[in-house]
>>> print(open('input13.txt').read())   # compact mmCIF, C-alpha atoms
# COMPACT_ATOMS: atom_id res chain seq x y z
CA MET A 1 8.47 45.84 13.01
CA ASN A 2 10.34 43.75 15.62
CA HIS A 3 7.36 41.36 15.87
CA VAL A 4 7.32 40.83 12.10
CA LEU A 5 11.06 40.16 12.06
CA LEU A 6 10.69 37.71 14.95
CA VAL A 7 7.90 35.83 13.15
CA ILE A 8 10.02 35.64 9.97
CA ILE A 9 13.05 34.34 11.91
CA ILE A 10 10.92 31.72 13.67
CA ALA A 11 9.32 30.62 10.36
CA ILE A 12 12.73 30.34 8.66
CA SER A 13 14.11 28.41 11.66
CA ILE A 14 11.22 25.93 11.54
CA LEU A 15 11.65 25.49 7.79
CA LEU A 16 15.39 24.91 8.16
CA PHE A 17 14.78 22.41 10.97
CA LEU A 18 12.27 20.49 8.82
CA LEU A 19 14.66 20.45 5.85
CA LEU A 20 17.48 19.22 8.08
CA LEU A 21 15.20 16.55 9.48
CA ALA A 22 14.25 15.46 5.93
CA LEU A 23 17.95 15.30 5.10
CA VAL A 24 18.67 12.78 7.88
CA LEU A 25 15.49 10.69 7.64
CA PRO A 26 15.59 7.59 5.43
CA LYS A 27 14.44 8.01 1.86
CA GLN A 28 13.58 4.34 1.60
CA TYR A 29 11.15 2.71 3.99
CA SER A 30 8.98 -0.37 4.43
CA VAL A 31 5.73 -1.11 6.21
CA THR A 32 4.90 -4.68 7.22
CA VAL A 33 1.55 -5.94 8.51
CA SER A 34 0.41 -9.49 9.28
CA GLU A 35 -2.78 -11.35 10.00
CA THR A 36 -3.51 -14.96 10.90
CA ILE A 37 -6.33 -16.29 8.74
CA HIS A 38 -8.04 -19.51 9.77
CA ARG A 39 -8.01 -21.11 6.34
CA PRO A 40 -5.45 -23.37 4.63
CA LYS A 41 -2.43 -21.66 3.09
CA LYS A 42 -3.41 -22.63 -0.46
CA VAL A 43 -6.88 -21.06 -0.05
CA VAL A 44 -5.39 -17.77 1.20
CA TYR A 45 -2.66 -17.76 -1.46
CA ASP A 46 -5.07 -18.52 -4.31
CA TYR A 47 -7.45 -15.76 -3.19
CA VAL A 48 -4.80 -13.07 -2.74
CA SER A 49 -3.02 -13.97 -5.99
CA LEU A 50 -6.00 -12.89 -8.13
CA PHE A 51 -6.27 -9.15 -8.80
CA LYS A 52 -10.02 -9.49 -9.42
CA HIS A 53 -10.60 -10.10 -5.70
CA GLN A 54 -9.12 -6.74 -4.71
CA ARG A 55 -12.45 -5.02 -5.39
CA ASP A 56 -13.86 -7.03 -2.46
CA TYR A 57 -11.12 -6.45 0.11
CA SER A 58 -8.65 -3.69 -0.81
CA GLU A 59 -9.25 -0.52 1.17
CA TRP A 60 -7.31 1.35 -1.51
CA ILE A 61 -9.66 0.30 -4.30
CA LYS A 62 -12.82 0.40 -2.17
CA ALA A 63 -12.20 4.13 -1.61
CA ASP A 64 -13.60 4.73 -5.13
CA PRO A 65 -16.82 2.69 -5.42
CA ASP A 66 -17.07 3.46 -9.16
CA LEU A 67 -13.56 2.22 -9.97
CA ARG A 68 -13.37 -0.51 -12.60
CA PRO A 69 -9.80 -1.82 -12.70
CA THR A 70 -8.76 -3.81 -15.75
CA VAL A 71 -6.46 -6.85 -15.84
CA LYS A 72 -4.16 -7.62 -18.76
CA GLY A 73 -2.64 -11.06 -19.06
CA THR A 74 -3.74 -14.06 -17.06
CA ASP A 75 -4.87 -12.95 -13.60
CA GLY A 76 -2.92 -14.67 -10.83
CA THR A 77 0.18 -15.36 -12.92
CA VAL A 78 3.56 -13.67 -13.39
CA GLY A 79 3.17 -10.81 -15.86
CA ALA A 80 -0.48 -10.06 -15.06
CA VAL A 81 -1.07 -6.30 -14.78
CA MET A 82 -4.00 -4.58 -13.10
CA SER A 83 -4.53 -0.93 -14.13
CA TRP A 84 -6.89 1.69 -12.75
CA GLU A 85 -7.79 5.32 -13.29
CA SER A 86 -10.13 6.97 -10.84
CA GLN A 87 -12.65 9.40 -12.34
CA GLN A 88 -13.97 10.66 -9.01
CA THR A 89 -14.33 14.43 -8.63
CA ASP A 90 -14.42 14.02 -4.83
CA ARG A 91 -10.76 14.18 -3.73
CA LYS A 92 -11.39 11.79 -0.84
CA LYS A 93 -12.66 9.10 -3.22
CA ASN A 94 -10.24 9.72 -6.10
CA ILE A 95 -7.44 7.19 -5.80
CA GLY A 96 -5.56 8.45 -8.85
CA SER A 97 -4.17 6.13 -11.48
CA GLY A 98 -1.59 3.41 -11.65
CA GLU A 99 -0.97 -0.24 -12.18
CA GLN A 100 0.43 -3.25 -10.40
CA GLU A 101 2.22 -6.20 -11.94
CA ILE A 102 2.95 -9.64 -10.56
CA LYS A 103 6.73 -9.98 -10.92
CA ARG A 104 7.49 -13.26 -9.13
CA MET A 105 5.57 -16.09 -7.51
CA ASP A 106 6.36 -19.26 -5.64
CA GLU A 107 4.31 -21.33 -3.21
CA ASP A 108 5.11 -19.06 -0.25
CA ARG A 109 5.45 -15.61 -1.80
CA ILE A 110 4.03 -13.20 -4.38
CA GLU A 111 6.05 -10.13 -5.41
CA VAL A 112 4.19 -7.24 -7.01
CA GLU A 113 5.50 -3.99 -8.47
CA LEU A 114 3.13 -1.09 -7.84
CA ARG A 115 3.51 1.80 -10.28
CA LEU A 116 1.62 4.89 -9.18
CA ILE A 117 1.06 7.51 -11.86
CA MET A 118 -1.30 10.07 -10.32
CA PRO A 119 -1.46 12.02 -8.06
CA MET A 120 2.25 11.44 -7.41
CA PRO A 121 4.43 9.13 -9.50
CA ALA A 122 6.17 6.39 -7.53
CA THR A 123 7.30 2.81 -7.90
CA CYS A 124 6.74 0.59 -4.89
CA GLN A 125 7.14 -3.07 -4.06
CA LEU A 126 4.54 -5.29 -2.40
CA VAL A 127 5.60 -8.66 -1.04
CA HIS A 128 2.92 -11.09 0.09
CA GLU A 129 4.17 -14.00 2.22
CA PHE A 130 2.16 -17.02 3.30
CA GLU A 131 3.15 -19.35 6.13
CA ALA A 132 1.09 -22.38 7.14
CA LYS A 133 0.30 -22.46 10.85
CA GLY A 134 -1.18 -25.92 11.02
CA GLU A 135 -3.69 -27.41 8.61
CA ASN A 136 -6.28 -24.67 8.82
CA ALA A 137 -4.41 -21.45 9.60
CA THR A 138 -2.13 -19.18 7.59
CA ARG A 139 0.05 -16.31 8.68
CA TYR A 140 -0.29 -13.77 5.86
CA THR A 141 2.30 -10.98 5.84
CA CYS A 142 2.29 -8.03 3.46
CA THR A 143 5.31 -5.74 3.13
CA PHE A 144 5.09 -2.42 1.27
CA SER A 145 8.43 -0.81 0.33
CA THR A 146 9.05 2.49 -1.41
CA TYR A 147 11.48 5.33 -1.96
CA ALA A 148 10.62 9.01 -1.40
CA LYS A 149 12.93 11.75 -2.65
CA PHE A 150 14.11 14.62 -0.46
CA PRO A 151 12.16 16.56 0.93
CA VAL A 152 9.05 14.44 0.30
CA ASN A 153 10.64 11.76 2.50
CA LEU A 154 9.76 13.84 5.59
CA PRO A 155 5.95 13.60 5.37
CA ALA A 156 6.17 10.16 3.74
CA TYR A 157 8.24 8.77 6.59
CA LEU A 158 6.49 10.53 9.46
CA LEU A 159 2.87 10.35 8.25
CA GLY A 160 2.74 8.05 5.22
CA ARG A 161 4.02 4.97 7.02
CA LYS A 162 1.26 5.18 9.64
CA PHE A 163 -1.41 5.73 6.98
CA ILE A 164 -0.13 2.82 4.89
CA ALA A 165 0.09 0.51 7.92
CA ARG A 166 -3.43 1.38 9.07
CA THR A 167 -4.93 0.91 5.58
CA GLN A 168 -3.03 -2.32 4.87
CA GLN A 169 -4.02 -3.78 8.25
CA LYS A 170 -7.68 -3.06 7.46
CA THR A 171 -7.21 -4.69 4.04
CA LEU A 172 -5.78 -7.83 5.68
CA ARG A 173 -8.66 -7.91 8.15
CA ASN A 174 -11.08 -7.71 5.20
CA ILE A 175 -9.37 -10.73 3.60
CA LYS A 176 -9.54 -12.60 6.90
CA GLU A 177 -13.25 -11.84 7.28
CA ILE A 178 -14.09 -12.85 3.69
CA LEU A 179 -12.11 -16.10 3.78
CA GLU A 180 -13.16 -17.19 7.25
CA ARG A 181 -16.81 -16.53 6.39
CA SER A 182 -16.72 -18.71 3.26
>>> encode(input="input13.txt", output="structure tokens")
Amino acid sequence: MNHVLLVIIIAISILLFLLLLALVLPKQYSVTVSETIHRPKKVVYDYVSLFKHQRDYSEWIKADPDLRPTVKGTDGTVGAVMSWESQQTDRKKNIGSGEQEIKRMDEDRIEVELRLIMPMPATCQLVHEFEAKGENATRYTCTFSTYAKFPVNLPAYLLGRKFIARTQQKTLRNIKEILERS
């Protein structure tokens, strides 16, 4: 009986520690990744601004090879919305459902609101920034920002940030490869 009680006390202590940790960790966080692409700024900007190109480079969308996102409005302009709903039965390939909308654009920046519906509802912000580095090079920076409620902020902050950074960096490398090849 003493061993069972000890195991219960240890389990409760770990749970309380994790809840306390979630209480002090930020609920809002951002992940920023960058890549230098050896193409003019306008070429990079024009490519990234069109939702239709995401099927070629986005690691998020490429996870479901059968996904057919739809675009409402004029692609590459403020107000354009890309929606998706994954039908995959394989959990590793099912990316859920959601939409993203271009909220603001200027010659150096595109702001997108990402509204996830399934598997977990969330509203996130994506900011794409483009900086010319000479005539034929562009520093492309993508910042993902979101809010995670307590206690979901614990795994989101500790694990989610790394996953997002790794996936976004691969996405930027895909863009670099596609644009530098063309």
>>> closest_atom_pairs(input="input13.txt", of="region 81-175 of chain A", to="region 35-39 of chain A", cutoff="8 Å", atoms="only C-alpha atoms", output="Markdown table")
| residue | atom | partner | partner_atom | distance |
| --- | --- | --- | --- | --- |
| A:Glu135 | CA | A:Arg39 | CA | 8.0 |
| A:Asn136 | CA | A:Arg39 | CA | 4.7 |
| A:Ala137 | CA | A:His38 | CA | 4.1 |
| A:Thr138 | CA | A:Ile37 | CA | 5.2 |
| A:Arg139 | CA | A:Thr36 | CA | 4.4 |
| A:Tyr140 | CA | A:Glu35 | CA | 5.4 |
| A:Thr141 | CA | A:Glu35 | CA | 6.6 |
| A:Gln169 | CA | A:Glu35 | CA | 7.9 |
| A:Leu172 | CA | A:Glu35 | CA | 6.3 |
| A:Arg173 | CA | A:Glu35 | CA | 7.1 |
>>> residues_around(input="input13.txt", residues="Ala165 (chain A)", least_positions_apart="5", cutoff="8 Å", atoms="all atoms listed in the file", output="PyMOL selection string")
chain A and resi 31-33
>>> residues_near_point(input="input13.txt", point="(-12.3, 10.4, -3.7)", cutoff="12 Å", atoms="all atoms listed in the file", output="PyMOL selection string")
chain A and resi 60-67+85-96+119
>>> atom_distance(input="input13.txt", atom1="CA of Gly76 (chain A)", atom2="CA of Ser49 (chain A)")
4.9 Å
>>> atom_distance(input="input13.txt", atom1="CA of Gln125 (chain A)", atom2="CA of Glu111 (chain A)")
7.3 Å
>>> axis_aligned_box(input="input13.txt", around="region 18-25 of chain A", padding_each_side="3 Å", output="JSON")
{"center_x": 15.5, "center_y": 15.6, "center_z": 7.3, "size_x": 12.4, "size_y": 15.8, "size_z": 10.4}
>>> closest_residue(input="input13.txt", among="A:Gly98, A:Gly79, A:Ser34, A:Phe163", to="Val112 (chain A)", atoms="all atoms listed in the file")
A:Gly79
>>> atom_distance(input="input13.txt", atom1="CA of Ser30 (chain A)", atom2="CA of Phe144 (chain A)")
5.4 Å
>>> closest_residue(input="input13.txt", among="A:Glu177, A:Val78, A:Lys72, A:Lys41", to="Asp108 (chain A)", atoms="only C-alpha atoms")
A:Lys41
>>> closest_residue(input="input13.txt", among="A:Phe130, A:Phe150, A:Tyr47, A:Trp84", to="Leu116 (chain A)", atoms="all atoms listed in the file")
A:Trp84
>>> closest_residue(input="input13.txt", among="A:Val152, A:Ala132, A:Val24, A:Leu19", to="Pro40 (chain A)", atoms="only C-alpha atoms")
A:Ala132
>>> closest_residue(input="input13.txt", among="A:Gln28, A:Thr146, A:Gln54, A:Thr77", to="Ile164 (chain A)", atoms="all atoms listed in the file")
A:Thr146
>>> residues_around(input="input13.txt", residues="Lys170 (chain A)", least_positions_apart="4", cutoff="7 Å", atoms="only C-alpha atoms", output="ChimeraX atom specification")
/A:59,166,174
>>> closest_residue(input="input13.txt", among="A:Tyr29, A:Asp56, A:Glu101, A:His3", to="Asp75 (chain A)", atoms="only C-alpha atoms")
A:Glu101
